[in-house]
Amino acid sequence: MVSISTFYTSLSGMNAQRKVLDVTAHNIANESTPGYHRQRVELRPIGVSSVSAVFAGQGSRVGGVDVIGVNRLVDQLAENRLRAETGAQGGTSAMRATMQAVELAFPEPSDDGIGAMLDDFFGGWSDLASRPGDVATRSQLLERAQTLVDGLQRTSADLTTVSETARSAIVGLATDANGIAQQIAELNKAITGSANAANDLSDQRDVLVRQLAELTGADARPQTGGNVDVYIGGRAIVSGNFVFGLDGAGGQLRWAADGSAVVAPPSKAASLTATINDVVPRYQTMLDGVAAQLVTQVNAIHSAGYDLAGNTGVNFFDPAGLTASSISLSTSIAGQPNNIAAGAPVLPGPTAPGALDGEQARAIASLAGAPTGPGATYQSLVSALGVESRAAIRRDQVQGTVLGAAESTAAQVGSVSLDEEMANLIAAQRAYEASARVLTTIDSLLGTLIERTGLAGR
């Protein structure tokens with residue numbers, strides 16, 4: 001016999017399929033939304049209660065379908081890996097940019113690089129060795145020396161600019177990280193109080209956590225109630241609805257609460273910190289080594305020689321300027337070409353002292369090929385820079401490939417497939433129509449039962 005409960009069975013089917021249609025439409029609408037994970041309606045049959053009761057038995061209504069909820073399809077392991085690789089990509093990209101900026105400070109090989117300036121400088125001494133009494137040759141040497149000094153100072157200033165740019169970037173990074181952390185905390189609160197929109201809000205929060213991971217290497221840890229706590233180097237920046245801010249003043253990323261340094265995992269912050277504390281100081285030290293060798297080695301030979309007036313003991317460079325930023329010509333040489341000591345103090349000059357024999361100029365020119373000279377030291381610097389820069393580019397390329405693989409793995413579960421959604425849409429449509437047809441059929445049967453029962457014999 002047809003029961004009125006059958007109406008509810010059909011109605012539950014229609015309601016369940018309507019929910020499936022709603023969620024399928026939502027998936028299709030967000031197919032291109034960044035960070036969106038497809039959703040699926042979880043259904044279960046309505047059966048006999050599993051809880052023992054006095055009145056539980058064959059009379060209990062059985063039939064129909066119940067919507068348990070709407071789940072977000074996420075492979076959490078893949079998402080964790082994606083977040084970590086995003087942070088690493090932020091780090092390799094920042095370091096690649098740093099090395100490119102450092103390379104711009106050393107435009108080698110080119111006519112504008114320090115290598116060419118060193119060659120011109122020592123070439124000027126070679127020319128002077130051939131014409132020690134020629135004032136024009138001496139003046140040309142001074143011009144080349146000043147060009148070299150300017151080049152060293154400019155390169156040092158360019159390296160300082162790279163460091164200062166990184167310091168400014170850390171200040172901006174701290175501001176951005178604090179803003180993202182505040183949004184994550186607000187979404188934690190919203191997710192707790194809005195069950196219906198929890199899935200979409202969680203997607204938004206995941207996007208923000210990835211952005212924070214790119215900046216600082218942050219990691220998220222799920223908590224009860226749908227919240228996540230976010231950590232940087234083992235210390236929380238977001239805990240529930242609370243935010244613990246960062247400070248980038250002075251070009252060092254610190255915790256605002258106590259001023260302790262942020263120990264950031266591989267990320268943009270870690271690479272910027274390395275730029276300030278390691279990369280720029282290291283190349284600045286190597287460049288200062290070139291300047292120091294140039295000053296000490298040239299002065300040692302020059303001060304022992306004789307100028308056109310037969311004077312000796314004059315330094316070519318200021319002996320106090322032993323860094324690339326402070327190197328300069330001595331006051332006795334600047335603008336005074338006759339004071340350049342080209343003559344040897346002893347034989348093999350034609351006379352002793354030999355003010356015009358050029359042997360001292362030739363000795364300085366020989367520094368160009370000395371294995372411990374400034375030229376060799378500078379070539380070592382350029383070679384090291386080329387290797388490190390190439391390695392930074394290669395690491396960034398490899399990390400980009402790794403990140404792409406992580407994105408692909410995560411997308412296999414969470415991305416929206418229009419073909420699959422269309423199949424789900426058609427299936428839900430047919431199921432809805434079938435449930436509606438059952439409802440119509442039962443209505444017809446009950447109508448027959450009500451209208452015709454008892455008419456016989458009237």
# chains A, B, ... in the order shown; residues from 1 in each chain; ligands from 1
>>> residues_around(residues="A:Arg282", least_positions_apart="2", cutoff="12 Å", atoms="only C-alpha atoms", output="PyMOL selection string")
chain A and resi 102+156+159-160+163+274-280+284-289+381+384-385
>>> residues_around(residues="stretch 104-107 of chain A", least_positions_apart="5", cutoff="12 Å", atoms="only C-alpha atoms", output="count of residues only")
34
>>> atom_distance(atom1="atom CA of A:Ala166", atom2="atom CA of A:Gly251")
7.3 Å
>>> residues_around(residues="stretch 407-412 of chain A", least_positions_apart="5", cutoff="9 Å", atoms="only C-alpha atoms", output="list in words")
His37, Val74, Asp75, Gln76, Leu77, Ala78, Glu79, Arg81, Leu82 and Val402 of chain A
>>> residues_around(residues="A:Gly133", least_positions_apart="4", cutoff="8 Å", atoms="only C-alpha atoms", output="PyMOL selection string")
chain A and resi 128+308+356
>>> write_last_selection(atoms="N, CA and C atoms", output="tab-separated table (two decimals), in the first residue's frame")
chain	number	residue	atom	x	y	z
A	128	LEU	N	104.16	55.25	-20.56
A	128	LEU	CA	105.08	56.18	-19.89
A	128	LEU	C	106.49	55.62	-19.82
A	308	LEU	N	110.33	63.84	-12.50
A	308	LEU	CA	111.14	64.61	-13.45
A	308	LEU	C	112.12	65.54	-12.76
A	356	LEU	N	114.68	59.63	-16.12
A	356	LEU	CA	114.06	59.51	-17.44
A	356	LEU	C	114.24	58.13	-18.06
>>> closest_residue(among="A:Glu433, A:Asp318, A:Asp443, A:Glu42", to="A:Gly69", atoms="only C-alpha atoms")
A:Glu42
>>> atom_distance(atom1="atom CA of A:Thr372", atom2="atom CA of A:Gly358")
22.9 Å
>>> residues_around(residues="A:Gly343", least_positions_apart="6", cutoff="12 Å", atoms="only C-alpha atoms", output="ChimeraX atom specification")
/A:125,128-133,301-312,349-364
>>> write_last_selection(atoms="N, CA and C atoms", output="compact mmCIF listing (two decimals), in the first residue's frame")
# COMPACT_ATOMS: atom_id res chain seq x y z
N TRP A 125 100.97 53.21 -17.85
CA TRP A 125 102.32 53.08 -17.30
C TRP A 125 103.29 52.51 -18.34
N LEU A 128 104.16 55.25 -20.56
CA LEU A 128 105.08 56.18 -19.89
C LEU A 128 106.49 55.62 -19.82
N ALA A 129 106.60 54.30 -19.71
CA ALA A 129 107.93 53.68 -19.69
C ALA A 129 108.67 53.94 -20.99
N SER A 130 107.93 54.05 -22.08
CA SER A 130 108.56 54.31 -23.39
C SER A 130 108.86 55.79 -23.57
N ARG A 131 108.03 56.66 -22.95
CA ARG A 131 108.23 58.11 -23.10
C ARG A 131 108.17 58.78 -21.72
N PRO A 132 109.13 58.52 -20.85
CA PRO A 132 109.05 59.03 -19.47
C PRO A 132 109.10 60.54 -19.36
N GLY A 133 109.62 61.21 -20.33
CA GLY A 133 109.70 62.66 -20.25
C GLY A 133 108.55 63.38 -20.91
N ILE A 301 106.07 50.71 -5.32
CA ILE A 301 107.02 50.89 -6.43
C ILE A 301 107.21 52.37 -6.74
N HIS A 302 106.09 53.13 -6.73
CA HIS A 302 106.15 54.53 -7.11
C HIS A 302 106.96 55.35 -6.12
N SER A 303 106.79 55.08 -4.84
CA SER A 303 107.49 55.89 -3.82
C SER A 303 109.00 55.69 -3.85
N ALA A 304 109.44 54.59 -4.46
CA ALA A 304 110.89 54.34 -4.56
C ALA A 304 111.48 54.96 -5.81
N GLY A 305 110.65 55.44 -6.72
CA GLY A 305 111.15 56.01 -7.97
C GLY A 305 111.38 57.51 -7.88
N TYR A 306 111.77 58.07 -9.02
CA TYR A 306 112.10 59.49 -9.09
C TYR A 306 111.26 60.16 -10.16
N ASP A 307 110.77 61.38 -9.83
CA ASP A 307 109.98 62.14 -10.80
C ASP A 307 110.91 62.95 -11.69
N LEU A 308 110.33 63.84 -12.50
CA LEU A 308 111.14 64.61 -13.45
C LEU A 308 112.12 65.54 -12.76
N ALA A 309 111.77 65.95 -11.55
CA ALA A 309 112.67 66.87 -10.82
C ALA A 309 113.68 66.12 -9.97
N GLY A 310 113.65 64.78 -10.01
CA GLY A 310 114.58 63.99 -9.22
C GLY A 310 114.13 63.77 -7.80
N ASN A 311 112.86 64.07 -7.51
CA ASN A 311 112.33 63.86 -6.16
C ASN A 311 111.86 62.41 -6.01
N THR A 312 111.89 61.90 -4.82
CA THR A 312 111.45 60.53 -4.55
C THR A 312 110.61 60.51 -3.27
N GLY A 349 119.00 51.45 -14.92
CA GLY A 349 118.84 52.70 -15.63
C GLY A 349 120.18 53.22 -16.14
N PRO A 350 120.15 54.09 -17.14
CA PRO A 350 121.40 54.63 -17.68
C PRO A 350 122.15 55.46 -16.65
N THR A 351 121.41 56.03 -15.75
CA THR A 351 122.03 56.76 -14.65
C THR A 351 121.36 56.34 -13.36
N ALA A 352 121.97 56.63 -12.26
CA ALA A 352 121.38 56.30 -10.97
C ALA A 352 121.42 57.54 -10.09
N PRO A 353 120.28 58.12 -9.76
CA PRO A 353 118.93 57.72 -10.19
C PRO A 353 118.65 58.06 -11.64
N GLY A 354 117.75 57.27 -12.22
CA GLY A 354 117.43 57.48 -13.62
C GLY A 354 116.06 58.11 -13.79
N ALA A 355 115.95 59.39 -13.68
CA ALA A 355 114.66 60.08 -13.73
C ALA A 355 113.94 59.88 -15.06
N LEU A 356 114.68 59.63 -16.12
CA LEU A 356 114.06 59.51 -17.44
C LEU A 356 114.24 58.13 -18.06
N ASP A 357 114.62 57.15 -17.27
CA ASP A 357 114.84 55.85 -17.90
C ASP A 357 113.56 55.02 -18.00
N GLY A 358 112.52 55.34 -17.25
CA GLY A 358 111.23 54.66 -17.36
C GLY A 358 111.14 53.30 -16.72
N GLU A 359 112.19 52.87 -16.03
CA GLU A 359 112.16 51.52 -15.46
C GLU A 359 111.12 51.38 -14.34
N GLN A 360 110.90 52.41 -13.58
CA GLN A 360 109.92 52.33 -12.50
C GLN A 360 108.50 52.25 -13.07
N ALA A 361 108.26 52.98 -14.13
CA ALA A 361 106.96 52.91 -14.81
C ALA A 361 106.74 51.51 -15.39
N ARG A 362 107.84 50.93 -15.91
CA ARG A 362 107.72 49.58 -16.47
C ARG A 362 107.44 48.56 -15.35
N ALA A 363 108.01 48.78 -14.19
CA ALA A 363 107.76 47.87 -13.06
C ALA A 363 106.30 47.93 -12.61
N ILE A 364 105.74 49.13 -12.60
CA ILE A 364 104.32 49.26 -12.23
C ILE A 364 103.44 48.62 -13.30
>>> residues_around(residues="A:Thr33", least_positions_apart="5", cutoff="12 Å", atoms="only C-alpha atoms", output="number ranges by chain")
A: 26-28, 38, 200, 203-204, 207, 414-416
>>> select_by_dssp(residues="stretch 222-410 of chain A", states="strand (DSSP E or B)", output="list in words")
Pro222, Val228, Asp229, Val230, Tyr231, Ile232, Arg235, Ala236, Ile237, Val238, Ser239, Phe242, Val243, Leu246, Asp247, Arg254, Trp255, Ala261, Tyr306, Thr312, Phe317, Leu329, Gly343, Ala344 and Gly354 of chain A
>>> closest_residue(among="A:Ile450, A:Val20, A:Ile191, A:Ala320", to="A:Asn424", atoms="only C-alpha atoms")
A:Val20
>>> residues_around(residues="A:Gln146", least_positions_apart="2", cutoff="10 Å", atoms="only C-alpha atoms", output="list in words")
Met117, Phe121, Gln140, Leu141, Leu142, Glu143, Arg144, Leu148, Val149, Asp150, Gly151, Leu152, Ile327, Ser328, Leu329 and Ala334 of chain A
>>> closest_atom_pairs(of="stretch 181-245 of chain A", to="stretch 259-263 of chain A", cutoff="10 Å", atoms="only C-alpha atoms", output="Markdown table")
| residue | atom | partner | partner_atom | distance |
| --- | --- | --- | --- | --- |
| A:Thr216 | CA | A:Val262 | CA | 9.0 |
| A:Gly217 | CA | A:Val263 | CA | 9.6 |
| A:Ile232 | CA | A:Val263 | CA | 7.3 |
| A:Gly233 | CA | A:Val263 | CA | 5.3 |
| A:Gly234 | CA | A:Val263 | CA | 8.5 |
| A:Arg235 | CA | A:Val262 | CA | 8.7 |
>>> closest_residue(among="A:Gly250, A:Gly400, A:Gly91, A:Gly245", to="A:Pro265", atoms="only C-alpha atoms")
A:Gly91
>>> select_by_dssp(residues="stretch 96-234 of chain A", states="alpha helix (DSSP H)", output="ChimeraX atom specification")
/A:96-105,114-130,135-193,198-216
